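S.K.: Below you'll find the structure I mean.
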There are 2 protein chains.
Amino acid sequence: MFSKACEYGIRATLHIARQSQGGHRVSLKDIAGAIDSPVAFTAKILQQLVHANVIHSLKGPHGGFEMTPHQLHNVRLSHIVSAIDGDQIYRGCGLGLKACNELKPCPLHDQFKDVRDKLQLMLETTSVSELAAGLTEGLTFLKQ
Amino acid sequence: MFSKACEYGIRATLHIARQSQGGHRVSLKDIAGAIDSPVAFTAKILQQLVHANVIHSLKGPHGGFEMTPHQLHNVRLSHIVSAIDGDQIYRGCGLGLKACNELKPCPLHDQFKDVRDKLQLMLETTSVSELAAGLTEGLTFLKQ
DNA sequence: TCTTAAAAGGATAAAAATGTCCGAAATAGA
DNA sequence: TCTATTTCGGACATTTTTATCCTTTTAAGA
């Protein structure tokens, strides 16, 4: 569904969100350890997320990654997904046809529309904060 | 959502189904032309679909691909997708966690479940025949 | 100012997906 | 039986994704 990069991106952001809610800044190593991902690859993804204003970073000693109150309040899953994978998942045609639309639909356009719209709605309405809360409460998990 | 191979596979199967409904067998070249796909790559995918008993092939002059009445009656989109991409799309965890389940869910397990179940239901209930009918009626398209 | 810790960013490597080529096998028809 | 046509299947090539390594930049603290 999502690329590996996007999966790591979501997991990393959720970990950062959880720690930021507790007032803690986290390092790259910390994140990679918490979500069980390759360190250097995770670094590249975090860079993308910083550029996309999903997370915030600070260099130097005691540096690391965090989310500002503004980011914690506003960031939705859709922001992470479109920053890494783009919006083809919920905007593109299910059969990869460039010119597929309501007027000239592919054979599964209608069937797909339901699924795609549901996915889009879910990504756009689900906030990172609410998911991070579930982690803190020990109800959900980011590895194994 | 699906791999390129799977997109070609679905499009090819729909073209073959449509032609089979009219009593016509189609060649590889014919298929690749109709769905606008690379010929040799399409050949590989068709082989997979023959092995998966989604379509039927005949070698030699006047050979080609077709669907038997039995296949036309039974094949659903889910058969094509699982033959080419496997069932990870609607069975796997959205965040790529191997051990994600109801008891130990990932943070977006519940939100994802809805989307995934809807996708699974759609793929398992949509028959290739019904989609091919839309093509014949000129209501839907397989390229541009 | 110097050292140290951390992210940033460029170059490269490995793996997977996508795509191509060509000879082998099968089969219809002359 | 011979030839032409078509799928089959193996090997190879290209592109994209995933992953690693190393140097540079930034900033804190001694």
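Ordered as shown in the structure tokens, chains take letters A, B, and onward, while each chain numbers its residues from 1 and ligands are numbered from 1 in the order shown.
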What are the closest atom pairs, with distances in Å to one decimal, for each residue of chain A lying within 7 Å of chain B, using only C-alpha atoms, rows by chain and rising residue number, as a tab-separated table?
M.R.:
residue	atom	partner	partner_atom	distance
A:Met1	CA	B:Met1	CA	5.1
A:Glu7	CA	B:Leu95	CA	4.9
A:Ile89	CA	B:Met1	CA	6.0
A:Gly94	CA	B:Met1	CA	6.9
A:Leu95	CA	B:Glu7	CA	4.9
A:Gly96	CA	B:Glu7	CA	6.5
A:Leu97	CA	B:Lys143	CA	6.4
A:Lys98	CA	B:Gln144	CA	6.5
A:Ala99	CA	B:Gln144	CA	5.2
A:Lys104	CA	B:Thr140	CA	6.4
A:Pro105	CA	B:Thr140	CA	5.3
A:Cys106	CA	B:Phe141	CA	5.0
A:Pro107	CA	B:Thr140	CA	5.2
A:Gln111	CA	B:Met122	CA	6.8
A:Val115	CA	B:Leu119	CA	5.9
A:Lys118	CA	B:Val115	CA	6.3
A:Leu119	CA	B:Val115	CA	5.9
A:Met122	CA	B:Gln111	CA	6.8
A:Leu131	CA	B:Pro107	CA	5.6
A:Gly134	CA	B:Pro107	CA	6.7
A:Leu135	CA	B:Pro107	CA	6.9
A:Thr140	CA	B:Pro107	CA	5.1
A:Phe141	CA	B:Cys106	CA	5.0
A:Leu142	CA	B:Cys106	CA	6.0
A:Lys143	CA	B:Leu97	CA	6.4
A:Gln144	CA	B:Ala99	CA	5.3
S.K.: Kindly determine which residues of chain B lie within 7 Å of chain D, considering only C-alpha atoms (C1' of nucleotides), and give the answer as a list in words.
M.R.: Leu58, Lys59, Gly60, Pro61, Gly63 and Gly64 of chain B
S.K.: Report the residues of chain B whose backbone DSSP state falls under strand (DSSP E), written as a PyMOL selection string.
M.R.: chain B and resi 56-58+64-66
S.K.: Take the residues from that selection and write them out as a PDB file, in the first residue's frame, keeping C-alpha atoms.
M.R.:
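Result file is selection.pdb:
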ATOM      1  CA  HIS B  56      -5.923 -20.206 -20.837  1.00  0.00           C
ATOM      2  CA  SER B  57      -3.337 -20.288 -23.642  1.00  0.00           C
ATOM      3  CA  LEU B  58      -2.692 -22.229 -26.845  1.00  0.00           C
ATOM      4  CA  GLY B  64      -3.223 -17.128 -28.278  1.00  0.00           C
ATOM      5  CA  PHE B  65      -5.015 -16.380 -25.038  1.00  0.00           C
ATOM      6  CA  GLU B  66      -8.625 -16.876 -24.063  1.00  0.00           C
TER       7      GLU B  66
END
S.K.: Per DSSP on the backbone, filter stretch 76-141 of chain A down to the residues in helix (DSSP H, G or I) and report them as a PyMOL selection string.
M.R.: chain A and resi 77-84+88-91+109-125+128-136
S.K.: Could you take the residues named above and write them with N, CA, C and O atoms, as a compact mmCIF listing (two decimals), in the first residue's frame?
M.R.:
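In the end it all went to selection24.txt:
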# COMPACT_ATOMS: atom_id res chain seq x y z
N LEU A 77 -1.97 12.19 8.95
CA LEU A 77 -1.28 11.12 8.20
C LEU A 77 -1.08 11.51 6.74
O LEU A 77 -0.05 11.22 6.15
N SER A 78 -2.06 12.18 6.17
CA SER A 78 -1.97 12.55 4.75
C SER A 78 -0.75 13.42 4.47
O SER A 78 -0.17 13.32 3.39
N HIS A 79 -0.33 14.24 5.44
CA HIS A 79 0.85 15.08 5.23
C HIS A 79 2.11 14.23 5.08
O HIS A 79 2.96 14.52 4.25
N ILE A 80 2.20 13.21 5.91
CA ILE A 80 3.37 12.33 5.85
C ILE A 80 3.37 11.57 4.53
O ILE A 80 4.37 11.51 3.82
N VAL A 81 2.23 10.99 4.21
CA VAL A 81 2.13 10.17 2.99
C VAL A 81 2.42 10.99 1.75
O VAL A 81 3.22 10.56 0.90
N SER A 82 1.84 12.18 1.65
CA SER A 82 2.08 12.93 0.41
C SER A 82 3.50 13.48 0.36
O SER A 82 4.04 13.64 -0.73
N ALA A 83 4.13 13.71 1.53
CA ALA A 83 5.52 14.17 1.53
C ALA A 83 6.45 13.08 1.01
O ALA A 83 7.46 13.36 0.36
N ILE A 84 6.12 11.83 1.25
CA ILE A 84 7.03 10.73 0.89
C ILE A 84 6.59 9.98 -0.37
O ILE A 84 7.39 9.76 -1.28
N GLN A 88 -0.56 9.93 -5.37
CA GLN A 88 -1.06 8.98 -6.37
C GLN A 88 -1.95 7.89 -5.77
O GLN A 88 -2.88 7.43 -6.42
N ILE A 89 -1.65 7.51 -4.54
CA ILE A 89 -2.41 6.41 -3.90
C ILE A 89 -3.90 6.70 -3.89
O ILE A 89 -4.70 5.85 -4.18
N TYR A 90 -4.25 7.94 -3.51
CA TYR A 90 -5.68 8.22 -3.47
C TYR A 90 -6.17 9.15 -4.56
O TYR A 90 -7.34 9.46 -4.63
N ARG A 91 -5.24 9.58 -5.44
CA ARG A 91 -5.69 10.41 -6.55
C ARG A 91 -5.57 9.68 -7.89
O ARG A 91 -6.38 9.90 -8.79
N HIS A 109 -13.19 1.94 -12.21
CA HIS A 109 -13.19 3.30 -11.65
C HIS A 109 -14.17 3.46 -10.48
O HIS A 109 -13.78 3.94 -9.41
N ASP A 110 -15.40 3.04 -10.69
CA ASP A 110 -16.41 3.24 -9.66
C ASP A 110 -16.14 2.41 -8.40
O ASP A 110 -16.22 2.91 -7.28
N GLN A 111 -15.80 1.13 -8.64
CA GLN A 111 -15.51 0.26 -7.51
C GLN A 111 -14.34 0.81 -6.70
O GLN A 111 -14.32 0.75 -5.47
N PHE A 112 -13.34 1.34 -7.41
CA PHE A 112 -12.15 1.84 -6.77
C PHE A 112 -12.39 3.14 -6.02
O PHE A 112 -11.80 3.40 -4.98
N LYS A 113 -13.26 3.94 -6.58
CA LYS A 113 -13.52 5.26 -6.01
C LYS A 113 -13.89 5.16 -4.53
O LYS A 113 -13.37 5.89 -3.70
N ASP A 114 -14.75 4.22 -4.21
CA ASP A 114 -15.18 4.02 -2.83
C ASP A 114 -13.98 3.78 -1.91
O ASP A 114 -13.85 4.42 -0.87
N VAL A 115 -13.14 2.84 -2.32
CA VAL A 115 -11.99 2.47 -1.50
C VAL A 115 -11.03 3.65 -1.35
O VAL A 115 -10.59 3.98 -0.25
N ARG A 116 -10.75 4.28 -2.48
CA ARG A 116 -9.81 5.39 -2.53
C ARG A 116 -10.30 6.56 -1.68
O ARG A 116 -9.53 7.16 -0.92
N ASP A 117 -11.59 6.88 -1.80
CA ASP A 117 -12.15 7.98 -1.02
C ASP A 117 -12.11 7.67 0.47
O ASP A 117 -11.85 8.55 1.29
N LYS A 118 -12.36 6.43 0.81
CA LYS A 118 -12.33 6.03 2.21
C LYS A 118 -10.91 6.17 2.76
O LYS A 118 -10.70 6.67 3.86
N LEU A 119 -9.94 5.76 1.94
CA LEU A 119 -8.53 5.88 2.33
C LEU A 119 -8.15 7.34 2.50
O LEU A 119 -7.55 7.74 3.51
N GLN A 120 -8.53 8.15 1.53
CA GLN A 120 -8.21 9.58 1.58
C GLN A 120 -8.81 10.23 2.83
O GLN A 120 -8.12 10.94 3.56
N LEU A 121 -10.08 9.95 3.08
CA LEU A 121 -10.75 10.51 4.25
C LEU A 121 -10.03 10.09 5.53
O LEU A 121 -9.77 10.92 6.41
N MET A 122 -9.69 8.82 5.60
CA MET A 122 -9.01 8.31 6.79
C MET A 122 -7.68 9.03 6.99
O MET A 122 -7.39 9.50 8.10
N LEU A 123 -6.88 9.17 5.94
CA LEU A 123 -5.56 9.80 6.07
C LEU A 123 -5.68 11.29 6.41
O LEU A 123 -4.89 11.82 7.18
N GLU A 124 -6.70 11.93 5.85
CA GLU A 124 -6.84 13.38 6.07
C GLU A 124 -7.46 13.72 7.41
O GLU A 124 -7.30 14.84 7.91
N THR A 125 -8.17 12.78 8.01
CA THR A 125 -8.82 13.09 9.28
C THR A 125 -8.07 12.53 10.49
O THR A 125 -8.34 12.93 11.62
N VAL A 128 -1.77 12.74 13.90
CA VAL A 128 -0.63 12.05 14.48
C VAL A 128 -0.74 12.02 16.01
O VAL A 128 -0.44 11.02 16.65
N SER A 129 -1.21 13.12 16.59
CA SER A 129 -1.34 13.19 18.05
C SER A 129 -2.21 12.10 18.62
O SER A 129 -1.86 11.45 19.61
N GLU A 130 -3.38 11.89 17.99
CA GLU A 130 -4.29 10.89 18.56
C GLU A 130 -3.69 9.50 18.49
O GLU A 130 -3.86 8.69 19.41
N LEU A 131 -2.95 9.22 17.41
CA LEU A 131 -2.31 7.91 17.31
C LEU A 131 -1.19 7.76 18.33
O LEU A 131 -1.01 6.69 18.92
N ALA A 132 -0.45 8.86 18.55
CA ALA A 132 0.64 8.84 19.53
C ALA A 132 0.10 8.57 20.94
O ALA A 132 0.74 7.89 21.74
N ALA A 133 -1.10 9.08 21.20
CA ALA A 133 -1.71 8.86 22.52
C ALA A 133 -1.91 7.37 22.79
O ALA A 133 -1.65 6.89 23.89
N GLY A 134 -2.35 6.65 21.77
CA GLY A 134 -2.54 5.20 21.91
C GLY A 134 -1.26 4.49 22.27
O GLY A 134 -1.25 3.52 23.04
N LEU A 135 -0.14 4.99 21.73
CA LEU A 135 1.17 4.41 22.05
C LEU A 135 1.49 4.62 23.52
O LEU A 135 1.93 3.70 24.22
N THR A 136 1.28 5.84 23.98
CA THR A 136 1.59 6.19 25.37
C THR A 136 0.77 5.33 26.35
O THR A 136 1.26 4.91 27.39
S.K.: Counting only C-alpha atoms (C1' of nucleotides), which residues of chain C sit at most 12 Å from some atom of chain A, and what is each one's closest atom pair with its distance in Å to one decimal, listed by chain and rising residue number, as CSV?
M.R.:
residue,atom,partner,partner_atom,distance
C:DT3,C1',A:Pro61,CA,11.4
C:DT4,C1',A:Pro61,CA,7.7
C:DA5,C1',A:Pro61,CA,4.3
C:DA6,C1',A:Gly60,CA,4.2
C:DA7,C1',A:Lys59,CA,4.9
C:DA8,C1',A:Gln47,CA,7.8
C:DG9,C1',A:Lys44,CA,9.2
C:DG10,C1',A:Lys44,CA,11.8
